[in-house]
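*Asks:* You'll find query.txt just under this line, and it carries compact mmCIF, N, CA and C atoms.
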# COMPACT_ATOMS: atom_id res chain seq x y z
N MET K 1 106.94 17.66 118.34
CA MET K 1 106.42 17.65 116.98
C MET K 1 107.55 17.67 115.97
N ALA K 2 107.30 17.04 114.84
CA ALA K 2 108.29 17.05 113.77
C ALA K 2 108.38 18.43 113.16
N LYS K 3 109.53 18.74 112.65
CA LYS K 3 109.73 20.05 112.03
C LYS K 3 110.02 19.87 110.54
N SER K 4 109.43 20.72 109.73
CA SER K 4 109.68 20.67 108.31
C SER K 4 111.11 21.10 108.02
N LYS K 5 111.72 20.49 107.02
CA LYS K 5 113.09 20.89 106.67
C LYS K 5 113.12 22.15 105.81
N TYR K 6 111.95 22.64 105.43
CA TYR K 6 111.88 23.84 104.60
C TYR K 6 111.43 25.02 105.44
N ASN K 7 112.02 26.15 105.19
CA ASN K 7 111.69 27.38 105.92
C ASN K 7 110.69 28.19 105.09
N TYR K 8 109.43 27.81 105.21
CA TYR K 8 108.38 28.45 104.41
C TYR K 8 108.15 29.88 104.87
N PRO K 9 107.98 30.81 103.93
CA PRO K 9 107.68 32.19 104.30
C PRO K 9 106.29 32.27 104.96
N ASP K 10 106.13 33.25 105.82
CA ASP K 10 104.87 33.41 106.54
C ASP K 10 103.67 33.54 105.60
N GLU K 11 103.83 34.29 104.50
CA GLU K 11 102.68 34.48 103.60
C GLU K 11 102.27 33.17 102.92
N LEU K 12 103.23 32.28 102.70
CA LEU K 12 102.92 30.97 102.11
C LEU K 12 102.17 30.10 103.13
N LEU K 13 102.62 30.13 104.38
CA LEU K 13 101.92 29.39 105.43
C LEU K 13 100.52 29.94 105.66
N LYS K 14 100.41 31.26 105.61
CA LYS K 14 99.10 31.89 105.79
C LYS K 14 98.15 31.49 104.66
N ALA K 15 98.65 31.48 103.43
CA ALA K 15 97.82 31.09 102.30
C ALA K 15 97.40 29.62 102.42
N GLN K 16 98.31 28.76 102.86
CA GLN K 16 97.97 27.34 103.03
C GLN K 16 96.95 27.17 104.15
N ARG K 17 97.10 27.91 105.23
CA ARG K 17 96.15 27.85 106.34
C ARG K 17 94.75 28.27 105.86
N GLU K 18 94.71 29.35 105.09
CA GLU K 18 93.42 29.83 104.58
C GLU K 18 92.83 28.84 103.57
N LEU K 19 93.68 28.25 102.74
CA LEU K 19 93.21 27.24 101.77
C LEU K 19 92.60 26.05 102.50
N ASN K 20 93.25 25.60 103.56
CA ASN K 20 92.71 24.50 104.36
C ASN K 20 91.34 24.87 104.93
N ALA K 21 91.21 26.10 105.41
CA ALA K 21 89.94 26.56 105.99
C ALA K 21 88.85 26.64 104.93
N VAL K 22 89.19 27.16 103.76
CA VAL K 22 88.21 27.27 102.68
C VAL K 22 87.75 25.88 102.25
N ARG K 23 88.67 24.94 102.15
CA ARG K 23 88.29 23.58 101.77
C ARG K 23 87.42 22.92 102.83
N ALA K 24 87.68 23.21 104.09
CA ALA K 24 86.83 22.68 105.17
C ALA K 24 85.44 23.30 105.10
N ASP K 25 85.37 24.60 104.82
CA ASP K 25 84.07 25.28 104.67
C ASP K 25 83.29 24.70 103.50
N LEU K 26 83.97 24.44 102.39
CA LEU K 26 83.31 23.84 101.23
C LEU K 26 82.77 22.46 101.56
N ALA K 27 83.57 21.65 102.22
CA ALA K 27 83.13 20.29 102.58
C ALA K 27 81.91 20.34 103.50
N ALA K 28 81.92 21.25 104.47
CA ALA K 28 80.78 21.39 105.39
C ALA K 28 79.54 21.86 104.64
N LEU K 29 79.71 22.79 103.71
CA LEU K 29 78.58 23.30 102.93
C LEU K 29 78.00 22.19 102.04
N PHE K 30 78.86 21.40 101.41
CA PHE K 30 78.39 20.32 100.55
C PHE K 30 77.57 19.29 101.32
N LYS K 31 77.93 19.07 102.59
CA LYS K 31 77.17 18.12 103.41
C LYS K 31 75.76 18.62 103.69
N LYS K 32 75.58 19.94 103.72
CA LYS K 32 74.26 20.53 104.02
C LYS K 32 73.38 20.65 102.78
N LEU K 33 73.99 20.75 101.61
CA LEU K 33 73.25 21.00 100.38
C LEU K 33 72.55 19.75 99.87
N PRO K 34 71.47 19.92 99.13
CA PRO K 34 70.84 18.77 98.47
C PRO K 34 71.83 18.15 97.48
N TYR K 35 71.63 16.88 97.14
CA TYR K 35 72.58 16.19 96.27
C TYR K 35 72.55 16.73 94.84
N SER K 36 71.50 17.44 94.47
CA SER K 36 71.40 17.99 93.12
C SER K 36 71.22 19.50 93.20
N THR K 37 71.91 20.24 92.35
CA THR K 37 71.74 21.69 92.35
C THR K 37 70.41 22.09 91.70
N GLU K 38 69.93 21.25 90.80
CA GLU K 38 68.64 21.49 90.15
C GLU K 38 67.57 20.64 90.83
N PRO K 39 66.31 21.12 90.87
CA PRO K 39 65.24 20.27 91.42
C PRO K 39 65.19 18.96 90.64
N MET K 40 65.00 17.87 91.38
CA MET K 40 65.04 16.56 90.76
C MET K 40 64.02 15.64 91.44
N GLU K 41 63.30 14.90 90.64
CA GLU K 41 62.34 13.95 91.19
C GLU K 41 63.08 12.77 91.83
N ALA K 42 62.37 12.06 92.71
CA ALA K 42 62.95 10.86 93.32
C ALA K 42 63.26 9.85 92.22
N TRP K 43 64.27 9.02 92.46
CA TRP K 43 64.65 8.03 91.47
C TRP K 43 65.33 6.85 92.14
N ALA K 44 65.36 5.73 91.43
CA ALA K 44 65.96 4.51 91.97
C ALA K 44 67.03 4.01 91.00
N ARG K 45 68.07 3.43 91.56
CA ARG K 45 69.13 2.82 90.74
C ARG K 45 68.63 1.49 90.18
N PRO K 46 69.16 1.07 89.06
CA PRO K 46 68.78 -0.24 88.51
C PRO K 46 69.16 -1.36 89.49
N GLU K 47 68.43 -2.42 89.46
CA GLU K 47 68.71 -3.56 90.33
C GLU K 47 70.11 -4.10 90.05
N GLY K 48 70.81 -4.47 91.11
CA GLY K 48 72.15 -5.01 90.96
C GLY K 48 73.23 -3.95 90.95
N TYR K 49 72.84 -2.69 91.05
CA TYR K 49 73.83 -1.61 91.07
C TYR K 49 74.65 -1.74 92.34
N TRP K 50 75.93 -1.47 92.30
CA TRP K 50 76.83 -1.77 93.39
C TRP K 50 76.75 -0.81 94.57
N LEU K 51 76.20 0.38 94.43
CA LEU K 51 76.09 1.30 95.57
C LEU K 51 74.95 0.89 96.48
N LYS K 52 75.06 1.20 97.76
CA LYS K 52 74.10 0.74 98.75
C LYS K 52 72.77 1.49 98.73
N SER K 53 72.74 2.73 98.27
CA SER K 53 71.51 3.51 98.29
C SER K 53 70.78 3.39 96.96
N PRO K 54 69.88 2.43 96.83
CA PRO K 54 69.22 2.25 95.53
C PRO K 54 68.14 3.29 95.26
N VAL K 55 67.58 3.93 96.30
CA VAL K 55 66.50 4.90 96.11
C VAL K 55 66.95 6.27 96.63
N HIS K 56 66.71 7.28 95.82
CA HIS K 56 67.05 8.65 96.21
C HIS K 56 65.77 9.47 96.27
N GLU K 57 65.65 10.20 97.37
CA GLU K 57 64.47 11.05 97.53
C GLU K 57 64.55 12.22 96.56
N ALA K 58 63.45 12.91 96.41
CA ALA K 58 63.43 14.09 95.55
C ALA K 58 64.36 15.16 96.12
N SER K 59 64.99 15.89 95.24
CA SER K 59 65.88 16.98 95.65
C SER K 59 65.22 18.31 95.30
N PRO K 60 65.14 19.21 96.28
CA PRO K 60 64.57 20.52 95.98
C PRO K 60 65.50 21.39 95.15
N GLY K 61 66.76 20.98 95.05
CA GLY K 61 67.75 21.79 94.34
C GLY K 61 68.34 22.82 95.28
N SER K 62 69.42 23.42 94.88
CA SER K 62 70.07 24.46 95.67
C SER K 62 69.44 25.80 95.36
N THR K 63 69.42 26.66 96.35
CA THR K 63 68.93 28.02 96.14
C THR K 63 70.02 28.83 95.44
N ASP K 64 69.63 29.98 94.92
CA ASP K 64 70.62 30.86 94.30
C ASP K 64 71.68 31.28 95.31
N MET K 65 71.26 31.53 96.54
CA MET K 65 72.21 31.94 97.57
C MET K 65 73.21 30.81 97.87
N GLU K 66 72.74 29.57 97.94
CA GLU K 66 73.63 28.44 98.17
C GLU K 66 74.61 28.27 97.02
N GLN K 67 74.13 28.42 95.80
CA GLN K 67 75.01 28.31 94.63
C GLN K 67 76.04 29.43 94.63
N GLN K 68 75.64 30.62 95.07
CA GLN K 68 76.59 31.74 95.16
C GLN K 68 77.65 31.48 96.23
N GLN K 69 77.23 30.88 97.35
CA GLN K 69 78.20 30.52 98.40
C GLN K 69 79.24 29.54 97.88
N VAL K 70 78.77 28.52 97.17
CA VAL K 70 79.69 27.53 96.60
C VAL K 70 80.63 28.21 95.60
N ALA K 71 80.09 29.03 94.73
CA ALA K 71 80.91 29.71 93.72
C ALA K 71 81.95 30.61 94.37
N LYS K 72 81.56 31.32 95.41
CA LYS K 72 82.49 32.22 96.11
C LYS K 72 83.61 31.43 96.77
N LEU K 73 83.28 30.33 97.43
CA LEU K 73 84.30 29.51 98.07
C LEU K 73 85.22 28.85 97.05
N ARG K 74 84.65 28.37 95.95
CA ARG K 74 85.48 27.75 94.91
C ARG K 74 86.43 28.77 94.28
N GLU K 75 85.95 29.99 94.08
CA GLU K 75 86.80 31.03 93.51
C GLU K 75 87.95 31.35 94.48
N ARG K 76 87.62 31.45 95.76
CA ARG K 76 88.66 31.71 96.76
C ARG K 76 89.66 30.56 96.81
N GLU K 77 89.17 29.33 96.70
CA GLU K 77 90.04 28.16 96.69
C GLU K 77 91.00 28.22 95.50
N ARG K 78 90.48 28.55 94.32
CA ARG K 78 91.34 28.67 93.13
C ARG K 78 92.39 29.76 93.30
N ASP K 79 91.96 30.92 93.83
CA ASP K 79 92.90 32.04 94.01
C ASP K 79 94.02 31.67 94.98
N LEU K 80 93.67 31.02 96.07
CA LEU K 80 94.68 30.63 97.05
C LEU K 80 95.62 29.57 96.50
N ALA K 81 95.06 28.59 95.79
CA ALA K 81 95.90 27.55 95.19
C ALA K 81 96.88 28.16 94.18
N ALA K 82 96.41 29.10 93.39
CA ALA K 82 97.28 29.77 92.42
C ALA K 82 98.36 30.58 93.13
N LYS K 83 97.98 31.25 94.20
CA LYS K 83 98.95 32.04 94.98
C LYS K 83 100.05 31.14 95.54
N ILE K 84 99.66 29.97 96.02
CA ILE K 84 100.64 29.04 96.59
C ILE K 84 101.55 28.48 95.50
N VAL K 85 100.96 28.02 94.42
CA VAL K 85 101.74 27.39 93.34
C VAL K 85 102.69 28.38 92.67
N ALA K 86 102.28 29.63 92.53
CA ALA K 86 103.08 30.62 91.82
C ALA K 86 104.02 31.42 92.74
N HIS K 87 104.06 31.08 94.01
CA HIS K 87 104.89 31.84 94.95
C HIS K 87 106.37 31.72 94.59
N GLY K 88 107.10 32.79 94.74
CA GLY K 88 108.53 32.82 94.41
C GLY K 88 109.39 31.91 95.26
N PHE K 89 108.90 31.50 96.41
CA PHE K 89 109.66 30.60 97.27
C PHE K 89 110.09 29.33 96.55
N TRP K 90 109.25 28.84 95.65
CA TRP K 90 109.56 27.58 94.97
C TRP K 90 110.79 27.69 94.09
N ASN K 91 111.13 28.90 93.65
CA ASN K 91 112.33 29.09 92.84
C ASN K 91 113.61 28.89 93.66
N GLU K 92 113.51 29.00 94.98
CA GLU K 92 114.67 28.80 95.86
C GLU K 92 114.95 27.32 96.12
N ILE K 93 113.99 26.47 95.79
CA ILE K 93 114.11 25.04 96.05
C ILE K 93 114.58 24.35 94.77
N PRO K 94 115.61 23.49 94.87
CA PRO K 94 116.05 22.76 93.67
C PRO K 94 114.89 21.98 93.05
N GLY K 95 114.86 21.92 91.75
CA GLY K 95 113.75 21.30 91.02
C GLY K 95 113.41 19.90 91.48
N THR K 96 114.42 19.10 91.81
CA THR K 96 114.14 17.73 92.23
C THR K 96 113.49 17.66 93.61
N GLU K 97 113.62 18.71 94.40
CA GLU K 97 113.05 18.74 95.75
C GLU K 97 111.67 19.41 95.80
N ARG K 98 111.29 20.09 94.75
CA ARG K 98 110.03 20.85 94.78
C ARG K 98 108.80 20.01 95.08
N PRO K 99 108.64 18.84 94.45
CA PRO K 99 107.45 18.05 94.79
C PRO K 99 107.38 17.72 96.29
N ASP K 100 108.51 17.37 96.88
CA ASP K 100 108.54 17.07 98.31
C ASP K 100 108.23 18.32 99.12
N ALA K 101 108.79 19.45 98.75
CA ALA K 101 108.56 20.70 99.48
C ALA K 101 107.09 21.11 99.39
N ARG K 102 106.49 20.96 98.23
CA ARG K 102 105.08 21.32 98.08
C ARG K 102 104.20 20.37 98.88
N SER K 103 104.57 19.10 98.88
CA SER K 103 103.81 18.13 99.66
C SER K 103 103.91 18.43 101.15
N GLN K 104 105.11 18.76 101.62
CA GLN K 104 105.29 19.06 103.04
C GLN K 104 104.56 20.33 103.46
N LEU K 105 104.41 21.29 102.55
CA LEU K 105 103.69 22.51 102.89
C LEU K 105 102.25 22.19 103.28
N ARG K 106 101.65 21.24 102.61
CA ARG K 106 100.26 20.87 102.92
C ARG K 106 100.11 20.43 104.36
N TYR K 107 101.17 19.88 104.92
CA TYR K 107 101.11 19.34 106.28
C TYR K 107 101.93 20.16 107.28
N ALA K 108 102.59 21.20 106.82
CA ALA K 108 103.45 22.01 107.70
C ALA K 108 102.68 22.59 108.87
N LEU K 109 101.44 22.94 108.66
CA LEU K 109 100.64 23.52 109.74
C LEU K 109 100.26 22.45 110.75
N ASP K 110 100.04 21.22 110.29
CA ASP K 110 99.69 20.11 111.18
C ASP K 110 100.85 19.74 112.10
N ILE K 111 102.07 19.89 111.61
CA ILE K 111 103.23 19.49 112.40
C ILE K 111 103.85 20.68 113.12
N GLY K 112 103.15 21.81 113.11
CA GLY K 112 103.66 22.97 113.84
C GLY K 112 104.74 23.72 113.08
N GLY K 113 104.73 23.62 111.76
CA GLY K 113 105.76 24.28 110.95
C GLY K 113 105.81 25.78 111.14
N ASP K 114 104.64 26.42 111.25
CA ASP K 114 104.65 27.87 111.39
C ASP K 114 105.12 28.27 112.78
N GLU K 115 104.81 27.50 113.82
CA GLU K 115 105.26 27.83 115.16
C GLU K 115 106.77 27.69 115.26
N ASP K 116 107.32 26.59 114.69
CA ASP K 116 108.75 26.36 114.74
C ASP K 116 109.52 27.46 114.01
N GLN K 117 108.98 27.89 112.88
CA GLN K 117 109.68 28.90 112.10
C GLN K 117 109.63 30.26 112.78
N GLN K 118 108.53 30.57 113.47
CA GLN K 118 108.44 31.86 114.15
C GLN K 118 109.42 31.94 115.30
N ALA K 119 109.71 30.80 115.92
CA ALA K 119 110.64 30.78 117.04
C ALA K 119 112.09 30.93 116.55
N ALA K 120 112.33 30.58 115.29
CA ALA K 120 113.71 30.63 114.75
C ALA K 120 114.16 32.05 114.51
As structure tokens, what does this structure read like?

*Replies:*
Amino acid sequence: MAKSKYNYPDELLKAQRELNAVRADLAALFKKLPYSTEPMEAWARPEGYWLKSPVHEASPGSTDMEQQQVAKLRERERDLAAKIVAHGFWNEIPGTERPDARSQLRYALDIGGDEDQQAA
């Protein structure tokens, strides 16, 4: 596996791992939820509209519990993203390299970045 050239602190890797999990949970939840949070009658797109689904069934809307789940996950996502962006590690990286370092953090877990760093 490729190794990241940046030595990310464990807490930064942990936050990124949790952020990835929260985003996966949100995506899975969105797939289960009705397309509208509010109850909505069935409707059809105008003829010639470019999307393939011209008719949409009625939506029962999301329950209060479902909306609370979404809100809780979104809040956690914001908190983790803020924790990652504001981490002091970025001050150790030269300004011109920061975009690359932040980009690589997103994929550091996929390439085994945390395993390689623990072995070091």

*Asks:* Using DSSP on the backbone coordinates, identify all residues within stretch 63-107 of chain K classified as alpha helix (DSSP H); present the result as a PyMOL selection string.

*Replies:* chain K and resi 64-85+98-107

*Asks:* Counting only C-alpha atoms, which of K:Met65, K:Ala108, K:Val55, K:Leu13 gets nearest to K:Ile84?

*Replies:*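 That would be K:Leu13, the residue with the smallest distance to K:Ile84.
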
*Asks:* Quote the spacing between atom CA of K:Ser59 and atom CA of K:Ser36 in Å to one decimal place.

*Replies:*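 The value is 6.2 Å.
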
*Asks:* Find the spatial neighbours of K:Pro60, counting all atoms listed in the file, within a cut-off of 6 Å - ignore same-chain residues fewer than 3 positions away - and output them as an MDAnalysis selection string.

*Replies:* chainID K and resid 38:40

*Asks:* Using only C-alpha atoms, can you tell me which of K:Glu57, K:Asp10, K:Glu66, K:Glu18 comes closest to K:Lys32?

*Replies:*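 With only C-alpha atoms as the atom set, the closest residue is K:Glu66.
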
*Asks:* So which residues touch K:Ala28 within 12 Å, counting only C-alpha atoms, skipping near sequence neighbours fewer than 4 positions away, as a list in words?

*Replies:*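 Residues near the query, excluding close chain neighbours: Ala21, Val22, Arg23, Ala24, Lys32, Leu33, Gln69, Val70 and Leu73 of chain K.
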
*Asks:* For K:Ala86, which residue among K:Leu109, K:Leu12, K:Ala71, K:Ala27 is the nearest when counting only C-alpha atoms?

*Replies:*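 Result for the nearest residue to K:Ala86: K:Leu12.
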
*Asks:* Record the distance separating atom CA of K:Glu97 and atom CA of K:Ala15, expressed in Å with one decimal.

*Replies:*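 We find that atom CA of K:Glu97 and atom CA of K:Ala15 lie 20.7 Å from each other.
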
*Asks:* Please compute the atom N of K:Trp90-atom C of K:Gln104 distance, one decimal, in Å.

*Replies:*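 A separation of 12.5 Å between them.
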
*Asks:* Which residues, written as a list of chain:residue names, have at least one atom at most 9 Å from K:Tyr6, with only C-alpha atoms counted and residues fewer than 6 positions away on the same chain left out?

*Replies:*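 Listing them by chain and then by number gives K:Ile93, K:Ala101, K:Gln104, K:Leu105, K:Gly113.
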
*Asks:* Considering only C-alpha atoms, can you say which of K:Ser4, K:Pro34, K:Thr96, K:Asn20 comes closest to K:Ala81?

*Replies:*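 Nearest candidate to K:Ala81 out of K:Ser4, K:Pro34, K:Thr96, K:Asn20: K:Asn20.
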
*Asks:* Counting only C-alpha atoms, which of K:Arg76, K:Asp64, K:Arg106, K:Lys83 gets nearest to K:Leu26?

*Replies:*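 Comparing K:Arg76, K:Asp64, K:Arg106, K:Lys83 against K:Leu26, the winner is K:Arg76.
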
*Asks:* Taking into account only N, CA and C atoms, which residue in the set K:Leu29, K:Leu19, K:Lys14, K:His56 is nearest to K:Ala42?

*Replies:*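 Nearest to K:Ala42: K:His56.
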